[in-house]
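Everything on this sheet refers to the single structure shown next.
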Amino acid sequence: MQLLEGKKILILGIANHRSIAWGIAQACINAGAQIAVTYQSERLKVNVEKVTKDLEGVTLLPCDVSKDEELEALFSHLKETWGHLDGLVHSIAFANRDDLKGGFTDTSRDGFALANDISAYSLVTLAKHARPLMQERGGSIICMSYLGGERVFKNYNMMGVAKAALEMSAKYLAADLGPHQIRVNIVSPGPIRTLAAAGVSGFASILDHVSETAPLRRNISQEEVGKVGVFLLSDLSSGVTAETIHVDAGFHAIGM
Ligand code: NAD
């Protein structure tokens with residue numbers, strides 16, 4: 001039996017073939033899951049259709065997490081068609097480009113609120129919507145963070161603060177939802193070239209630094225994040241919640 005056989009998993013955050021969410025989606029399918037994926041906008045729908053076109057039985061649904069009506073529609077569709085949900089993957093982040101460079105002191109009130117809303121609060125509202133679909137059988141929710149939410153990285157600025165909020169939100173959700181056997185865990189990948197990463201000023205130098213200094217002396221791939229995603233979404237991790245797993249070639253352990 002495959003690790004995710006019979007499991008229904010909702011994946012948010014595919015923008016194109018480089019997205020971490022796409023790496024997780026492929027790993028989930030290879031592990032036997034049935035998946036539904038969302039797209040943020042009509043513009044990105046084309047990309048998501050393109051990457052998923054050869055997969056059988058994948059449901060595509062719109063969801064901009066800043067729009068309550070789209071969240072409502074997404075979960076009522078899943079309730080009607082699937083009846084329950086076994087897993088949810090949150091692989092979403094956004095901050096204004098100006099808040100991903102220069103001095104953190106210059107972060108605007110609106111930029112601070114926007115990054116936290118899209119990148120962290122979205123996990124809370126998604127978990128709230130998922131709970132009724134998960135609570136009878138238990139479930140697993142995972143989100144993507146970054147080491148910049150634990151330590152200071154040049155230019156990561158507002159996204160680092162949003163990741164800290166995301167990680168603590170995941171832990172409070174784990175405590176809240178644990179009695180329903182709903183687990184909430186955090187994956188913290190190392191740097192990967194994606195659309196979102198391109199918005200962080202000086203991103204290429206982070207990739208170089210990791211490949212020179214991480215214990216494995218290389219960067220990691222979407223596929224490697226996908227494998228950890230499958231572990232956390234499967235019963236192999238049934239006793240694991242409120243945990244952070246770094247998939248960063250060991251970089252998080254290195255001091256000087
Ligand atoms: P990506 O650009 O492929 O994915 C980001 C996704 O966020 C996109 O699909 C985008 O549509 C979605 N999104 C943004 N605003 C949204 C909104 N309002 N509603 C719905 N969706 C919205 O980039 P990625 O690197 O795959 O990012 C996925 C996650 O991984 C993010 O949380 C990111 O912070 C995290 N992460 C990325 C890296 C990296 O180096 N690439 C490292 C660690 C963590």
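Each chain in the structure tokens gets a letter, A, B and so on, in the order shown; residues start at 1 in every chain, and ligands are counted from 1 in the order they appear.
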
| said: Distance limit 7 Å, reference ligand 1, atoms considered: only C-alpha atoms and all ligand atoms. Which residues make the cut? Give them as a PyMOL selection string. | reply: chain A and resi 12-16+18-21+39-40+44+63-66+91-94+118-119+144-146+188-197

Deliver the residues from the most recent selection as a file, using C-alpha atoms, as a PDB file, in the first residue's frame.
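Dumped everything to out-v6.pdb:
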```pdb
ATOM      1  CA  LEU A  12      -2.338  25.798  -2.224  1.00  0.00           C
ATOM      2  CA  GLY A  13       0.608  27.672  -3.748  1.00  0.00           C
ATOM      3  CA  ILE A  14       1.389  26.359  -7.232  1.00  0.00           C
ATOM      4  CA  ALA A  15       2.432  29.236  -9.499  1.00  0.00           C
ATOM      5  CA  ASN A  16       4.486  27.238 -12.018  1.00  0.00           C
ATOM      6  CA  ARG A  18       9.322  25.600 -10.091  1.00  0.00           C
ATOM      7  CA  SER A  19       6.937  26.065  -7.147  1.00  0.00           C
ATOM      8  CA  ILE A  20       7.654  24.136  -3.969  1.00  0.00           C
ATOM      9  CA  ALA A  21       3.927  23.303  -3.912  1.00  0.00           C
ATOM     10  CA  TYR A  39      -4.612  28.999  -8.319  1.00  0.00           C
ATOM     11  CA  GLN A  40      -4.420  32.560  -7.038  1.00  0.00           C
ATOM     12  CA  LEU A  44      -1.798  31.935 -12.824  1.00  0.00           C
ATOM     13  CA  CYS A  63      -8.437  30.701  -4.208  1.00  0.00           C
ATOM     14  CA  ASP A  64      -6.968  34.062  -3.385  1.00  0.00           C
ATOM     15  CA  VAL A  65      -6.491  33.746   0.385  1.00  0.00           C
ATOM     16  CA  SER A  66      -7.227  37.454   0.908  1.00  0.00           C
ATOM     17  CA  SER A  91       2.782  27.019   0.387  1.00  0.00           C
ATOM     18  CA  ILE A  92       1.902  30.688   0.074  1.00  0.00           C
ATOM     19  CA  ALA A  93       3.697  33.932   0.835  1.00  0.00           C
ATOM     20  CA  PHE A  94       3.649  37.517  -0.323  1.00  0.00           C
ATOM     21  CA  ILE A 118      -1.218  36.678   3.078  1.00  0.00           C
ATOM     22  CA  SER A 119       1.726  34.725   4.494  1.00  0.00           C
ATOM     23  CA  MET A 144       6.338  26.341   4.381  1.00  0.00           C
ATOM     24  CA  SER A 145       8.573  28.589   6.457  1.00  0.00           C
ATOM     25  CA  TYR A 146      12.196  29.681   6.116  1.00  0.00           C
ATOM     26  CA  SER A 188      11.509  24.963   6.536  1.00  0.00           C
ATOM     27  CA  PRO A 189      13.193  24.506   3.151  1.00  0.00           C
ATOM     28  CA  GLY A 190      16.537  25.974   2.198  1.00  0.00           C
ATOM     29  CA  PRO A 191      16.661  28.478  -0.677  1.00  0.00           C
ATOM     30  CA  ILE A 192      15.240  27.283  -4.015  1.00  0.00           C
ATOM     31  CA  ARG A 193      14.937  29.312  -7.234  1.00  0.00           C
ATOM     32  CA  THR A 194      11.223  30.107  -7.572  1.00  0.00           C
ATOM     33  CA  LEU A 195       9.025  33.057  -8.502  1.00  0.00           C
ATOM     34  CA  ALA A 196       8.645  34.123  -4.856  1.00  0.00           C
ATOM     35  CA  ALA A 197      12.380  33.791  -4.194  1.00  0.00           C
TER      36      ALA A 197
END
```

| said: Show me, as a PyMOL selection string, the residues that have an atom within 7 Å of stretch 25-27 of chain A when counting only C-alpha atoms, minus same-chain residues fewer than 2 positions from it. | reply: chain A and resi 11+21-23+29-31+226-227+230

| message | If DSSP is run on the backbone, what residues of stretch 2-205 of chain A are strand (DSSP E or B)? A reply as a PyMOL selection string would be ideal. | response | chain A and resi 8-12+34-39+59-62+87-90+139-144+182-189

For those residues, write N, CA, C and O atoms to a file as a short mmCIF file (atom, residue, chain, number, x, y, z; two decimals), in the first residue's frame.
```
data_model
loop_
_atom_site.label_atom_id
_atom_site.label_comp_id
_atom_site.auth_asym_id
_atom_site.auth_seq_id
_atom_site.Cartn_x
_atom_site.Cartn_y
_atom_site.Cartn_z
N LYS A 8 -7.15 12.39 0.63
CA LYS A 8 -7.56 13.54 -0.16
C LYS A 8 -6.81 14.77 0.38
O LYS A 8 -6.97 15.11 1.55
N ILE A 9 -6.06 15.41 -0.51
CA ILE A 9 -5.16 16.48 -0.06
C ILE A 9 -5.34 17.75 -0.88
O ILE A 9 -5.33 17.71 -2.12
N LEU A 10 -5.52 18.86 -0.19
CA LEU A 10 -5.65 20.17 -0.83
C LEU A 10 -4.30 20.88 -0.81
O LEU A 10 -3.68 20.99 0.25
N ILE A 11 -3.87 21.35 -1.98
CA ILE A 11 -2.54 21.99 -2.08
C ILE A 11 -2.70 23.42 -2.61
O ILE A 11 -3.20 23.63 -3.72
N LEU A 12 -2.26 24.39 -1.82
CA LEU A 12 -2.34 25.80 -2.22
C LEU A 12 -0.92 26.33 -2.43
O LEU A 12 -0.06 26.11 -1.58
N GLN A 34 -5.11 11.59 -3.75
CA GLN A 34 -5.97 12.34 -4.67
C GLN A 34 -5.79 13.80 -4.28
O GLN A 34 -5.90 14.13 -3.09
N ILE A 35 -5.50 14.67 -5.25
CA ILE A 35 -5.23 16.06 -4.87
C ILE A 35 -6.18 17.05 -5.53
O ILE A 35 -6.67 16.83 -6.64
N ALA A 36 -6.40 18.16 -4.81
CA ALA A 36 -7.03 19.34 -5.40
C ALA A 36 -6.02 20.46 -5.27
O ALA A 36 -5.34 20.56 -4.24
N VAL A 37 -5.85 21.25 -6.32
CA VAL A 37 -4.90 22.36 -6.25
C VAL A 37 -5.61 23.67 -6.55
O VAL A 37 -6.62 23.69 -7.26
N THR A 38 -5.08 24.74 -6.00
CA THR A 38 -5.71 26.04 -6.23
C THR A 38 -4.78 26.94 -7.05
O THR A 38 -3.59 26.70 -7.13
N TYR A 39 -5.38 27.96 -7.63
CA TYR A 39 -4.61 29.00 -8.32
C TYR A 39 -5.10 30.34 -7.77
O TYR A 39 -6.27 30.53 -7.46
N THR A 59 -8.32 18.13 -9.25
CA THR A 59 -9.31 19.21 -9.23
C THR A 59 -8.58 20.55 -9.15
O THR A 59 -7.67 20.71 -8.33
N LEU A 60 -8.99 21.50 -10.00
CA LEU A 60 -8.41 22.86 -9.98
C LEU A 60 -9.45 23.85 -9.50
O LEU A 60 -10.54 23.91 -10.06
N LEU A 61 -9.10 24.63 -8.49
CA LEU A 61 -10.07 25.57 -7.94
C LEU A 61 -9.42 26.93 -7.68
O LEU A 61 -8.24 26.99 -7.33
N PRO A 62 -10.18 28.02 -7.83
CA PRO A 62 -9.60 29.33 -7.54
C PRO A 62 -9.52 29.59 -6.05
O PRO A 62 -10.42 29.17 -5.30
N GLY A 87 -5.56 16.08 4.18
CA GLY A 87 -4.35 16.87 4.27
C GLY A 87 -4.51 18.23 3.63
O GLY A 87 -5.32 18.40 2.70
N LEU A 88 -3.75 19.21 4.14
CA LEU A 88 -3.75 20.56 3.55
C LEU A 88 -2.31 21.06 3.50
O LEU A 88 -1.60 20.97 4.50
N VAL A 89 -1.92 21.55 2.33
CA VAL A 89 -0.56 22.09 2.16
C VAL A 89 -0.66 23.59 1.92
O VAL A 89 -1.26 24.03 0.94
N HIS A 90 -0.07 24.37 2.80
CA HIS A 90 -0.02 25.83 2.68
C HIS A 90 1.38 26.20 2.19
O HIS A 90 2.36 26.00 2.92
N GLY A 139 -6.40 14.66 10.60
CA GLY A 139 -5.84 15.21 9.38
C GLY A 139 -4.45 15.78 9.63
O GLY A 139 -3.96 15.79 10.76
N SER A 140 -3.84 16.25 8.56
CA SER A 140 -2.49 16.80 8.66
C SER A 140 -2.39 18.08 7.83
O SER A 140 -2.76 18.11 6.66
N ILE A 141 -1.92 19.13 8.48
CA ILE A 141 -1.73 20.43 7.81
C ILE A 141 -0.25 20.75 7.83
O ILE A 141 0.40 20.61 8.87
N ILE A 142 0.30 21.16 6.68
CA ILE A 142 1.70 21.58 6.69
C ILE A 142 1.84 22.96 6.04
O ILE A 142 1.03 23.34 5.18
N CYS A 143 2.84 23.72 6.47
CA CYS A 143 3.11 25.03 5.88
C CYS A 143 4.60 25.19 5.64
O CYS A 143 5.41 24.49 6.25
N MET A 144 4.93 26.11 4.75
CA MET A 144 6.34 26.34 4.38
C MET A 144 6.87 27.60 5.06
O MET A 144 6.35 28.70 4.85
N ILE A 182 -5.95 16.44 14.55
CA ILE A 182 -5.46 17.20 13.39
C ILE A 182 -4.07 17.72 13.75
O ILE A 182 -3.90 18.42 14.75
N ARG A 183 -3.08 17.32 12.98
CA ARG A 183 -1.70 17.71 13.25
C ARG A 183 -1.32 18.91 12.38
O ARG A 183 -1.83 19.05 11.26
N VAL A 184 -0.47 19.78 12.91
CA VAL A 184 -0.02 20.95 12.15
C VAL A 184 1.50 21.04 12.27
O VAL A 184 2.03 21.14 13.39
N ASN A 185 2.18 20.97 11.15
CA ASN A 185 3.64 20.99 11.18
C ASN A 185 4.20 21.99 10.18
O ASN A 185 3.51 22.43 9.25
N ILE A 186 5.47 22.33 10.41
CA ILE A 186 6.14 23.35 9.61
C ILE A 186 7.32 22.70 8.87
O ILE A 186 8.11 21.99 9.49
N VAL A 187 7.41 22.98 7.57
CA VAL A 187 8.59 22.56 6.80
C VAL A 187 9.39 23.84 6.54
O VAL A 187 8.82 24.86 6.15
N SER A 188 10.68 23.78 6.77
CA SER A 188 11.51 24.96 6.54
C SER A 188 12.58 24.63 5.50
O SER A 188 13.68 24.17 5.83
N PRO A 189 12.24 24.85 4.21
CA PRO A 189 13.19 24.51 3.15
C PRO A 189 14.34 25.52 3.08
O PRO A 189 14.19 26.68 3.46
#
```

| request: Just the helix (DSSP H, G or I) stuff from stretch 33-79 of chain A, please, per backbone DSSP, written as a list in words. | output: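 Those residues are Glu42, Arg43, Leu44, Lys45, Val46, Asn47, Val48, Glu49, Lys50, Val51, Thr52, Asp68, Glu69, Glu70, Leu71, Glu72, Ala73, Leu74, Phe75, Ser76, His77, Leu78 and Lys79 of chain A.
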
| field | Which residue of A:Tyr172, A:Thr244, A:Asn155, A:Ile254 approaches A:Leu216 most closely, using only C-alpha atoms | value | A:Ile254

| request: Could you tell me which of A:Gly57, A:Lys154, A:Gly250, A:Leu74 comes closest to A:Gly103 if we count only C-alpha atoms? | output: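 Closest candidate: A:Lys154.
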
| query | What is the atom CA of A:Met158-atom CA of A:Leu123 distance in Å, reported with one decimal? | reply |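 Value for the atom CA of A:Met158-atom CA of A:Leu123 distance: 17.3 Å.
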
| query | Near A:Gly6, within 9 Å and counting only C-alpha atoms, which residues show up once chain neighbours fewer than 3 positions away are dropped, as a PyMOL selection string? | reply | chain A and resi 2+32-34

| request: Tell me which of A:Ser169, A:Asn96, A:Asn157, A:Thr52 sits closest to A:Ala127, counting only C-alpha atoms. | output: A:Ser169

| query | Out of A:Ala253, A:Ala198, A:Leu233, A:Val51, which residue has the shortest atom-to-atom distance to A:Tyr156 when counting only C-alpha atoms? | reply | A:Ala198
